[in-house]
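I have placed the structure first, in the form of structure tokens, so that the comments after it can refer back to it.
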2 protein chains.
Amino acid sequence: MFIIGEKINGMFKNVSEAIATKNKLIIQELAKKQLDAGADALDVNVGPASAEPLADMEWLITTIREVTDKPIAVDTTKLAVMEKGLSLAGPGSILNSTSGQKEKLDILIPLAKKYNAKVIALTMTKSGVPANAEARLEIAANIVASAMEYGLEIENLFIDAIILPVNVAQDHAPAVLETIKQCKLICDPPPKTILGLSNVSQKTVDRPLVDRTFLVMALASGLDAAICNPLDKELMDSMITAELLLGKQLYCDSYLEAYRKK
Amino acid sequence: MFIIGEKINGMFKNVSEAIATKNKLIIQELAKKQLDAGADALDVNVGPASAEPLADMEWLITTIREVTDKPIAVDTTKLAVMEKGLSLAGPGSILNSTSGQKEKLDILIPLAKKYNAKVIALTMTKSGVPANAEARLEIAANIVASAMEYGLEIENLFIDAIILPVNVAQDHAPAVLETIKQCKLICDPPPKTILGLSNVSQKTVDRPLVDRTFLVMALASGLDAAICNPLDKELMDSMITAELLLGKQLYCDSYLEAYRKK
């Protein structure tokens, strides 16, 4: 599966402090540690408290680019910050994210195309996140139609069915699993599916347990990618074992180590 | 989910020794510990080395019945031992197991009916365990037809899609998950599905990790029951969390404790 490391986000105190004090080392260490732990890409978000999101995004990406050329998921709701981020991150980067209403798609999908970026698209609109799978899938189908309209290759489109915290929206979890399964039926080849995983466990007592359990369930439902914490070793062990059981890698006694050495 | 504790089995050294020395305490402690840990029923198997399987099954069941009247899954391939076990275990017990060929079903399903027992039926025949889901489902459909023929209520039928060890039959795991999903389409109400879980991890290096990962994947695929080790706390935590995420119990911060107090 494709893992996007979530740790470079201004909502974490160490990151917001590093941004404020321009401490490159903290950011670069976070980048390298996540990649070493199995991340295929790095999410980058300046955080809600940033007073200068454009400058902060520029500083974060140039700082990361000094140590790795792995894909960066530019994570912002601000159009100017997104364009700046994609231009700095380079081809193969990821637009994170657009929602599913037409007026957003009409702006953000062409922007992603302009910079050869992949797209994460949320199954929500101005009306919010639907509670059931059917309404999520209807939005997903509209997103796919927009991608086709603008010539974005469907393999570069990640549908995020939006998992809400289980403690406030428990009925959403089965709907998300069902959406992941049925996304594969929208078109052929189908869009990829992704989750912003750690949202499921917000304010629960044992967050890692909830995270890894939902990730394994989502993998069994066909999930292709996740934005999550690759530094959580038990999460990664669970993911690797689920992939083994799905036949996505060959069994050997040291399959966990073999995966990590790849 | 319905948990059948697997620990009273003569293949375990402590159990075979208890049988040999007629040490009731060991068996009764194993029964109580598994039930306290969340088992809904107890599997009972005299083990492959038993020289007197009929007498040993009788001793095991009468020993267990001194401390609990919870359902017993009588686990044997010998017809006389099965009949003795079901008669002693009483109504609500479980025949474990029949395979899917007609000549077995014609004997074992009427036997289960005679003792008001539920039935675990394996998706295998004389030809062995099929590698793909389609052939497993064909056997499952034949089992359902036999159950209907003999008037066994379908809610008392557990289809076991047979998970083989991932280190020797890796391609079976996805087929088992697919079988579990599609079993729900055979009839309405559908048969229940069950797994002999720990088989999946035979001779792997980290057995509990493989067991709990596959259990969570099977739950996401619709699994109803498992024969497993309820004394594995991490396995039970994973199972309870998966059920929470499937909406099978209401969220509260102490949902793990709440489940265990039930």
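The way I read the labels, and the way they are meant: chains A, B, ... in the order of the structure tokens, residue 1 as the first residue of every chain, and ligand 1 as the first ligand shown, with later ones counted on from there.
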
- Could you pull out the residues in region 19-219 of chain B that DSSP calls strand (DSSP E) from the backbone, as a PyMOL selection string? chain B and resi 41-45+72-75+94-98+118-122+157-160+192-196

Quick one: contact table of chain B to chain A, 7 Å max, nearest atom pair and distance in Å to one decimal per residue, counting only C-alpha atoms, chain and number order, as a Markdown table?
```
| residue | atom | partner | partner_atom | distance |
| --- | --- | --- | --- | --- |
| B:Asn167 | CA | A:Tyr251 | CA | 6.0 |
| B:Gln170 | CA | A:Gly247 | CA | 6.5 |
| B:Asp171 | CA | A:Gly247 | CA | 6.2 |
| B:Ala173 | CA | A:Leu245 | CA | 5.7 |
| B:Pro174 | CA | A:Leu246 | CA | 5.3 |
| B:Thr204 | CA | A:Asp253 | CA | 6.2 |
| B:Val205 | CA | A:Asp253 | CA | 6.1 |
| B:Val210 | CA | A:Thr241 | CA | 6.4 |
| B:Thr213 | CA | A:Ala242 | CA | 6.1 |
| B:Val216 | CA | A:Met217 | CA | 6.2 |
| B:Met217 | CA | A:Met217 | CA | 5.2 |
| B:Ala220 | CA | A:Met217 | CA | 5.2 |
| B:Ser238 | CA | A:Thr213 | CA | 6.3 |
| B:Thr241 | CA | A:Val210 | CA | 6.4 |
| B:Ala242 | CA | A:Thr213 | CA | 6.1 |
| B:Leu245 | CA | A:Ala173 | CA | 5.7 |
| B:Leu246 | CA | A:Pro174 | CA | 5.4 |
| B:Gly247 | CA | A:Asp171 | CA | 6.2 |
| B:Tyr251 | CA | A:Asn167 | CA | 6.0 |
| B:Asp253 | CA | A:Val205 | CA | 6.2 |
```

May I have the selected residues written with C-alpha atoms, as a PDB file, in the first residue's frame?
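Okay, this is what ended up in result.pdb:
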```pdb
ATOM      1  CA  ASN B 167       3.308 -20.127   5.038  1.00  0.00           C
ATOM      2  CA  GLN B 170      -0.751 -18.118   0.959  1.00  0.00           C
ATOM      3  CA  ASP B 171      -3.206 -17.868  -1.924  1.00  0.00           C
ATOM      4  CA  ALA B 173      -6.344 -16.387   2.562  1.00  0.00           C
ATOM      5  CA  PRO B 174      -7.993 -14.025   0.029  1.00  0.00           C
ATOM      6  CA  THR B 204       4.912 -18.367  11.373  1.00  0.00           C
ATOM      7  CA  VAL B 205       7.292 -16.355  13.562  1.00  0.00           C
ATOM      8  CA  VAL B 210      -0.967 -13.068  12.064  1.00  0.00           C
ATOM      9  CA  THR B 213      -4.724  -9.422  11.638  1.00  0.00           C
ATOM     10  CA  VAL B 216      -9.954  -8.395  11.845  1.00  0.00           C
ATOM     11  CA  MET B 217      -9.923  -8.867   8.059  1.00  0.00           C
ATOM     12  CA  ALA B 220     -14.602  -6.817   7.942  1.00  0.00           C
ATOM     13  CA  SER B 238      -8.632  -6.375  18.179  1.00  0.00           C
ATOM     14  CA  THR B 241     -12.423  -2.910  18.379  1.00  0.00           C
ATOM     15  CA  ALA B 242     -13.358  -4.338  14.971  1.00  0.00           C
ATOM     16  CA  LEU B 245     -16.014  -0.078  14.121  1.00  0.00           C
ATOM     17  CA  LEU B 246     -18.633  -2.280  12.460  1.00  0.00           C
ATOM     18  CA  GLY B 247     -21.273  -0.729  14.722  1.00  0.00           C
ATOM     19  CA  TYR B 251     -19.065   3.459  21.518  1.00  0.00           C
ATOM     20  CA  ASP B 253     -14.499   5.418  26.161  1.00  0.00           C
TER      21      ASP B 253
END
```

- Query: Between CA of Pro91 (chain B) and CA of Asn116 (chain B), what is the spacing in Å?
  - Reply: 5.1 Å

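Going from CA of Val129 (chain B) to CA of Ile162 (chain B) covers 7.6 Å.
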
For region 95-105 of chain A: contacts at 10 Å, only C-alpha atoms, fewer than 6 positions along chain excluded, given as a compact mmCIF listing (two decimals) with all heavy atoms, in the first residue's frame:
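What landed in around-v6.txt:
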```txt
# COMPACT_ATOMS: atom_id res chain seq x y z
N ASP A 43 3.22 14.01 3.78
CA ASP A 43 2.22 15.08 3.83
C ASP A 43 2.87 16.31 4.45
O ASP A 43 3.67 16.20 5.39
CB ASP A 43 1.02 14.65 4.67
CG ASP A 43 -0.18 15.56 4.46
OD1 ASP A 43 -0.76 15.51 3.36
OD2 ASP A 43 -0.53 16.32 5.39
N VAL A 44 2.53 17.49 3.92
CA VAL A 44 3.09 18.74 4.44
C VAL A 44 1.96 19.74 4.63
O VAL A 44 1.25 20.09 3.68
CB VAL A 44 4.16 19.32 3.50
CG1 VAL A 44 4.65 20.68 4.03
CG2 VAL A 44 5.34 18.36 3.37
N ASN A 45 1.78 20.17 5.88
CA ASN A 45 0.68 21.06 6.23
C ASN A 45 1.23 22.08 7.21
O ASN A 45 1.83 21.71 8.23
CB ASN A 45 -0.44 20.22 6.88
CG ASN A 45 -1.69 21.03 7.17
OD1 ASN A 45 -1.61 22.17 7.63
ND2 ASN A 45 -2.85 20.44 6.92
N ILE A 72 5.70 14.71 -2.27
CA ILE A 72 5.13 15.49 -1.17
C ILE A 72 3.64 15.70 -1.44
O ILE A 72 3.25 16.03 -2.57
CB ILE A 72 5.85 16.86 -1.05
CG1 ILE A 72 7.25 16.65 -0.46
CG2 ILE A 72 5.04 17.85 -0.21
CD1 ILE A 72 8.11 17.91 -0.42
N ALA A 73 2.82 15.45 -0.41
CA ALA A 73 1.39 15.76 -0.51
C ALA A 73 1.18 17.14 0.07
O ALA A 73 1.34 17.35 1.28
CB ALA A 73 0.58 14.71 0.25
N VAL A 74 0.86 18.09 -0.79
CA VAL A 74 0.68 19.48 -0.37
C VAL A 74 -0.71 19.60 0.24
O VAL A 74 -1.73 19.47 -0.45
CB VAL A 74 0.86 20.45 -1.55
CG1 VAL A 74 0.74 21.89 -1.07
CG2 VAL A 74 2.20 20.20 -2.26
N ASP A 75 -0.74 19.84 1.55
CA ASP A 75 -1.97 19.72 2.33
C ASP A 75 -2.41 21.10 2.79
O ASP A 75 -1.91 21.63 3.79
CB ASP A 75 -1.68 18.79 3.52
CG ASP A 75 -2.91 18.45 4.33
OD1 ASP A 75 -4.01 18.96 4.01
OD2 ASP A 75 -2.77 17.66 5.29
N THR A 76 -3.34 21.68 2.04
CA THR A 76 -3.82 23.02 2.38
C THR A 76 -5.19 23.23 1.74
O THR A 76 -5.52 22.59 0.74
CB THR A 76 -2.85 24.11 1.87
OG1 THR A 76 -3.40 25.40 2.15
CG2 THR A 76 -2.64 24.02 0.35
N THR A 77 -5.96 24.13 2.32
CA THR A 77 -7.24 24.50 1.71
C THR A 77 -7.13 25.81 0.93
O THR A 77 -8.10 26.26 0.34
CB THR A 77 -8.32 24.69 2.81
OG1 THR A 77 -7.82 25.63 3.76
CG2 THR A 77 -8.63 23.38 3.52
N MET A 82 -1.57 26.11 -2.25
CA MET A 82 -1.53 24.86 -3.01
C MET A 82 -0.67 25.03 -4.26
O MET A 82 0.20 24.19 -4.55
CB MET A 82 -2.96 24.42 -3.38
CG MET A 82 -3.03 23.12 -4.16
SD MET A 82 -2.41 21.70 -3.21
CE MET A 82 -3.82 21.38 -2.14
N GLU A 83 -0.92 26.11 -5.00
CA GLU A 83 -0.15 26.29 -6.25
C GLU A 83 1.34 26.46 -5.95
O GLU A 83 2.18 25.84 -6.60
CB GLU A 83 -0.70 27.47 -7.06
CG GLU A 83 0.13 27.72 -8.31
CD GLU A 83 -0.68 28.18 -9.53
OE1 GLU A 83 -1.80 28.68 -9.35
OE2 GLU A 83 -0.18 27.99 -10.68
N GLY A 85 2.92 25.34 -3.37
CA GLY A 85 3.42 24.05 -2.89
C GLY A 85 3.67 23.07 -4.03
O GLY A 85 4.74 22.44 -4.10
N LEU A 86 2.71 22.96 -4.93
CA LEU A 86 2.87 22.01 -6.04
C LEU A 86 4.04 22.42 -6.93
O LEU A 86 4.80 21.57 -7.42
CB LEU A 86 1.58 21.92 -6.87
CG LEU A 86 0.36 21.30 -6.18
CD1 LEU A 86 -0.84 21.31 -7.12
CD2 LEU A 86 0.64 19.88 -5.68
N LEU A 111 -5.44 22.48 -11.90
CA LEU A 111 -4.21 22.89 -11.22
C LEU A 111 -3.27 21.70 -11.05
O LEU A 111 -2.06 21.80 -11.31
CB LEU A 111 -4.55 23.50 -9.85
CG LEU A 111 -3.37 24.11 -9.10
CD1 LEU A 111 -2.90 25.40 -9.77
CD2 LEU A 111 -3.73 24.37 -7.63
N ALA A 112 -3.84 20.56 -10.62
CA ALA A 112 -3.01 19.35 -10.45
C ALA A 112 -2.41 18.94 -11.80
O ALA A 112 -1.22 18.61 -11.89
CB ALA A 112 -3.85 18.21 -9.87
N LYS A 113 -3.23 18.96 -12.85
CA LYS A 113 -2.73 18.63 -14.19
C LYS A 113 -1.56 19.54 -14.59
O LYS A 113 -0.55 19.07 -15.11
CB LYS A 113 -3.86 18.80 -15.23
CG LYS A 113 -4.82 17.65 -15.33
CD LYS A 113 -4.21 16.43 -16.00
CE LYS A 113 -3.92 16.70 -17.49
NZ LYS A 113 -3.33 15.47 -18.10
N TYR A 115 0.66 20.86 -12.85
CA TYR A 115 1.91 20.53 -12.17
C TYR A 115 2.20 19.02 -12.16
O TYR A 115 3.00 18.56 -11.36
CB TYR A 115 1.90 21.10 -10.75
CG TYR A 115 1.95 22.61 -10.76
CD1 TYR A 115 0.80 23.39 -10.56
CD2 TYR A 115 3.16 23.27 -11.01
CE1 TYR A 115 0.85 24.77 -10.60
CE2 TYR A 115 3.21 24.66 -11.05
CZ TYR A 115 2.06 25.40 -10.85
OH TYR A 115 2.13 26.77 -10.89
N ASN A 116 1.51 18.25 -13.01
CA ASN A 116 1.72 16.80 -13.04
C ASN A 116 1.54 16.17 -11.66
O ASN A 116 2.30 15.28 -11.28
CB ASN A 116 3.12 16.46 -13.56
CG ASN A 116 3.14 16.39 -15.06
OD1 ASN A 116 2.24 15.78 -15.66
ND2 ASN A 116 4.14 17.01 -15.67
N ALA A 117 0.56 16.66 -10.93
CA ALA A 117 0.34 16.15 -9.57
C ALA A 117 -0.80 15.15 -9.54
O ALA A 117 -1.69 15.17 -10.40
CB ALA A 117 0.03 17.31 -8.63
N LYS A 118 -0.75 14.24 -8.57
CA LYS A 118 -1.88 13.37 -8.28
C LYS A 118 -2.89 14.12 -7.42
O LYS A 118 -2.57 15.19 -6.88
CB LYS A 118 -1.39 12.11 -7.57
CG LYS A 118 -0.38 11.34 -8.43
CD LYS A 118 0.25 10.17 -7.73
CE LYS A 118 1.27 9.54 -8.69
NZ LYS A 118 1.92 8.35 -8.16
N VAL A 119 -4.10 13.57 -7.30
CA VAL A 119 -5.16 14.30 -6.59
C VAL A 119 -5.82 13.41 -5.53
O VAL A 119 -6.20 12.27 -5.83
CB VAL A 119 -6.25 14.77 -7.59
CG1 VAL A 119 -7.46 15.35 -6.84
CG2 VAL A 119 -5.68 15.80 -8.57
N ILE A 120 -5.93 13.94 -4.32
CA ILE A 120 -6.78 13.32 -3.30
C ILE A 120 -8.09 14.11 -3.27
O ILE A 120 -8.09 15.32 -3.09
CB ILE A 120 -6.12 13.36 -1.91
CG1 ILE A 120 -4.83 12.53 -1.92
CG2 ILE A 120 -7.08 12.85 -0.84
CD1 ILE A 120 -4.01 12.64 -0.65
N ALA A 121 -9.21 13.38 -3.48
CA ALA A 121 -10.52 14.04 -3.55
C ALA A 121 -11.44 13.43 -2.50
O ALA A 121 -11.59 12.21 -2.42
CB ALA A 121 -11.12 13.87 -4.94
N LEU A 122 -12.03 14.30 -1.70
CA LEU A 122 -12.88 13.86 -0.57
C LEU A 122 -14.32 13.68 -1.02
O LEU A 122 -14.86 14.52 -1.76
CB LEU A 122 -12.83 14.91 0.54
CG LEU A 122 -11.45 15.40 0.99
CD1 LEU A 122 -11.59 16.62 1.92
CD2 LEU A 122 -10.71 14.28 1.70
N THR A 123 -14.96 12.64 -0.51
CA THR A 123 -16.37 12.42 -0.85
C THR A 123 -17.25 13.29 0.06
O THR A 123 -18.07 12.79 0.84
CB THR A 123 -16.76 10.94 -0.68
OG1 THR A 123 -16.52 10.56 0.68
CG2 THR A 123 -15.98 10.06 -1.62
N MET A 124 -17.07 14.61 -0.08
CA MET A 124 -17.94 15.55 0.64
C MET A 124 -18.19 16.74 -0.27
O MET A 124 -17.44 16.98 -1.23
CB MET A 124 -17.30 16.00 1.94
CG MET A 124 -16.03 16.81 1.79
SD MET A 124 -15.34 17.31 3.40
CE MET A 124 -16.58 18.48 3.95
N THR A 125 -19.26 17.47 0.02
CA THR A 125 -19.59 18.67 -0.73
C THR A 125 -19.87 19.79 0.28
O THR A 125 -19.66 19.60 1.48
CB THR A 125 -20.84 18.46 -1.60
OG1 THR A 125 -21.94 18.19 -0.73
CG2 THR A 125 -20.66 17.30 -2.57
N LYS A 126 -20.39 20.90 -0.24
CA LYS A 126 -20.76 21.99 0.66
C LYS A 126 -21.74 21.55 1.74
O LYS A 126 -21.78 22.10 2.83
CB LYS A 126 -21.40 23.13 -0.14
CG LYS A 126 -20.40 24.12 -0.70
CD LYS A 126 -21.09 25.23 -1.44
CE LYS A 126 -21.80 24.73 -2.69
NZ LYS A 126 -22.22 25.81 -3.60
N SER A 127 -22.54 20.50 1.43
CA SER A 127 -23.53 20.01 2.39
C SER A 127 -22.90 19.16 3.48
O SER A 127 -23.61 18.70 4.38
CB SER A 127 -24.60 19.19 1.68
OG SER A 127 -24.88 19.69 0.41
N GLY A 128 -21.62 18.88 3.37
CA GLY A 128 -20.97 18.10 4.42
C GLY A 128 -20.65 16.68 3.99
O GLY A 128 -20.65 16.36 2.80
N VAL A 129 -20.38 15.83 4.99
CA VAL A 129 -20.01 14.44 4.73
C VAL A 129 -21.27 13.58 4.87
O VAL A 129 -21.87 13.55 5.93
CB VAL A 129 -18.96 13.95 5.74
CG1 VAL A 129 -18.59 12.50 5.47
CG2 VAL A 129 -17.74 14.84 5.73
N ARG A 136 -21.86 8.85 -0.60
CA ARG A 136 -20.42 9.02 -0.80
C ARG A 136 -20.03 8.57 -2.22
O ARG A 136 -19.22 9.20 -2.90
CB ARG A 136 -19.63 8.19 0.22
CG ARG A 136 -19.47 8.82 1.60
CD ARG A 136 -18.75 7.84 2.51
NE ARG A 136 -18.16 8.43 3.71
CZ ARG A 136 -18.77 8.57 4.87
NH1 ARG A 136 -20.04 8.20 4.99
NH2 ARG A 136 -18.14 9.08 5.92
N GLU A 138 -21.89 8.45 -4.87
CA GLU A 138 -22.40 9.39 -5.88
C GLU A 138 -21.41 10.54 -6.05
O GLU A 138 -21.10 10.94 -7.19
CB GLU A 138 -23.77 9.91 -5.43
CG GLU A 138 -24.49 10.70 -6.50
CD GLU A 138 -25.86 11.19 -6.01
OE1 GLU A 138 -26.48 10.50 -5.17
OE2 GLU A 138 -26.27 12.28 -6.46
N ILE A 139 -20.89 11.05 -4.93
CA ILE A 139 -19.89 12.11 -5.02
C ILE A 139 -18.62 11.58 -5.70
O ILE A 139 -18.02 12.25 -6.55
CB ILE A 139 -19.56 12.67 -3.62
CG1 ILE A 139 -20.83 13.26 -2.98
CG2 ILE A 139 -18.46 13.74 -3.71
CD1 ILE A 139 -20.67 13.63 -1.51
N ALA A 140 -18.22 10.36 -5.33
CA ALA A 140 -17.02 9.76 -5.94
C ALA A 140 -17.18 9.66 -7.45
O ALA A 140 -16.24 9.95 -8.22
CB ALA A 140 -16.74 8.39 -5.34
N ALA A 141 -18.37 9.27 -7.91
CA ALA A 141 -18.61 9.15 -9.35
C ALA A 141 -18.51 10.52 -10.03
O ALA A 141 -17.97 10.63 -11.14
CB ALA A 141 -19.98 8.52 -9.60
N ASN A 142 -18.99 11.56 -9.36
CA ASN A 142 -18.87 12.91 -9.92
C ASN A 142 -17.41 13.34 -10.01
O ASN A 142 -16.99 14.00 -10.96
CB ASN A 142 -19.65 13.92 -9.06
CG ASN A 142 -21.14 13.75 -9.21
OD1 ASN A 142 -21.62 13.20 -10.21
ND2 ASN A 142 -21.90 14.18 -8.21
N ILE A 143 -16.64 12.96 -8.98
CA ILE A 143 -15.20 13.29 -8.99
C ILE A 143 -14.51 12.59 -10.17
O ILE A 143 -13.72 13.20 -10.90
CB ILE A 143 -14.55 12.88 -7.65
CG1 ILE A 143 -15.09 13.75 -6.50
CG2 ILE A 143 -13.02 12.97 -7.74
CD1 ILE A 143 -14.77 13.21 -5.11
N VAL A 144 -14.83 11.31 -10.37
CA VAL A 144 -14.25 10.55 -11.48
C VAL A 144 -14.61 11.21 -12.82
O VAL A 144 -13.76 11.36 -13.71
CB VAL A 144 -14.71 9.08 -11.44
CG1 VAL A 144 -14.37 8.37 -12.74
CG2 VAL A 144 -14.05 8.36 -10.25
N SER A 146 -15.25 14.36 -13.36
CA SER A 146 -14.43 15.57 -13.51
C SER A 146 -13.01 15.23 -13.91
O SER A 146 -12.40 15.92 -14.75
CB SER A 146 -14.41 16.37 -12.20
OG SER A 146 -15.49 17.24 -12.14
N ALA A 147 -12.45 14.20 -13.29
CA ALA A 147 -11.08 13.80 -13.63
C ALA A 147 -11.00 13.45 -15.11
O ALA A 147 -10.07 13.87 -15.82
CB ALA A 147 -10.65 12.61 -12.77
N TYR A 150 -11.13 16.55 -17.36
CA TYR A 150 -9.91 17.34 -17.44
C TYR A 150 -8.68 16.50 -17.80
O TYR A 150 -7.55 16.99 -17.76
CB TYR A 150 -9.68 18.10 -16.12
CG TYR A 150 -10.69 19.20 -15.92
CD1 TYR A 150 -11.69 19.10 -14.96
CD2 TYR A 150 -10.65 20.34 -16.72
CE1 TYR A 150 -12.63 20.10 -14.79
CE2 TYR A 150 -11.59 21.35 -16.57
CZ TYR A 150 -12.57 21.23 -15.60
OH TYR A 150 -13.50 22.23 -15.44
N LEU A 157 -5.80 9.40 -9.37
CA LEU A 157 -6.88 9.95 -8.53
C LEU A 157 -7.10 9.06 -7.31
O LEU A 157 -7.30 7.85 -7.44
CB LEU A 157 -8.18 10.01 -9.36
CG LEU A 157 -9.44 10.45 -8.61
CD1 LEU A 157 -9.31 11.89 -8.11
CD2 LEU A 157 -10.68 10.31 -9.51
N PHE A 158 -7.03 9.66 -6.13
CA PHE A 158 -7.28 8.95 -4.87
C PHE A 158 -8.59 9.46 -4.27
O PHE A 158 -8.70 10.63 -3.93
CB PHE A 158 -6.15 9.20 -3.86
CG PHE A 158 -4.84 8.58 -4.24
CD1 PHE A 158 -3.97 9.23 -5.10
CD2 PHE A 158 -4.47 7.35 -3.73
CE1 PHE A 158 -2.75 8.66 -5.46
CE2 PHE A 158 -3.25 6.77 -4.07
CZ PHE A 158 -2.39 7.42 -4.94
N ILE A 159 -9.57 8.56 -4.15
CA ILE A 159 -10.83 8.92 -3.50
C ILE A 159 -10.68 8.69 -1.99
O ILE A 159 -10.34 7.60 -1.55
CB ILE A 159 -11.99 8.05 -4.03
CG1 ILE A 159 -12.16 8.22 -5.54
CG2 ILE A 159 -13.28 8.36 -3.27
CD1 ILE A 159 -12.74 9.53 -5.97
N ASP A 160 -10.95 9.74 -1.21
CA ASP A 160 -10.90 9.64 0.25
C ASP A 160 -12.34 9.65 0.77
O ASP A 160 -13.02 10.66 0.70
CB ASP A 160 -10.10 10.81 0.82
CG ASP A 160 -9.96 10.75 2.34
OD1 ASP A 160 -10.80 10.10 2.99
OD2 ASP A 160 -9.01 11.36 2.86
```

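Nearest residue to Asn199 (chain A), choosing from A:Ala41, A:Ala145, A:Ala18, A:Ile227 and counting only C-alpha atoms: A:Ile227.
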
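Closest approach to Asp188 (chain A) from the set A:Ile64, A:Ile26, A:Glu153, A:Ala20 is made by A:Glu153, with distances taken over only C-alpha atoms.
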
- List every residue of region 93-161 of chain A that DSSP, applied to the backbone of this structure, assigns to alpha helix (DSSP H), and report them as a PyMOL selection string. chain A and resi 102-114+133-149

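For the atom pair formed by CA of Asp224 (chain B) and CA of Leu197 (chain B), the distance is 12.3 Å, given to one decimal.
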
- Query: For Cys228 (chain A), which residue among A:Ala31, A:Leu42, A:Ile19, A:Ala258 is the nearest when counting only C-alpha atoms?
  - Reply: A:Leu42

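Of the listed residues (B:Ile8, B:Leu79, B:Met148, B:Ala39), B:Ile8 comes nearest to Ile27 (chain B); the distances count only C-alpha atoms.
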
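The neighbours of region 35-37 of chain B here are the residues that come within 9 Å of it, using only C-alpha atoms and leaving out any residue fewer than 2 positions away in the same chain; they are Gly5, Leu30, Ala31, Lys32, Lys33, Ala39, Asp40, Ala41, Leu42, Lys70, Pro230, Leu231, Asp232, Lys233, Met236 and Arg260 of chain B.
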
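Restricting the calculation to only C-alpha atoms, the smallest distance between Ile107 (chain A) and any of A:Pro190, A:Ala80, A:Trp59, A:Ile180 is found for A:Ala80.
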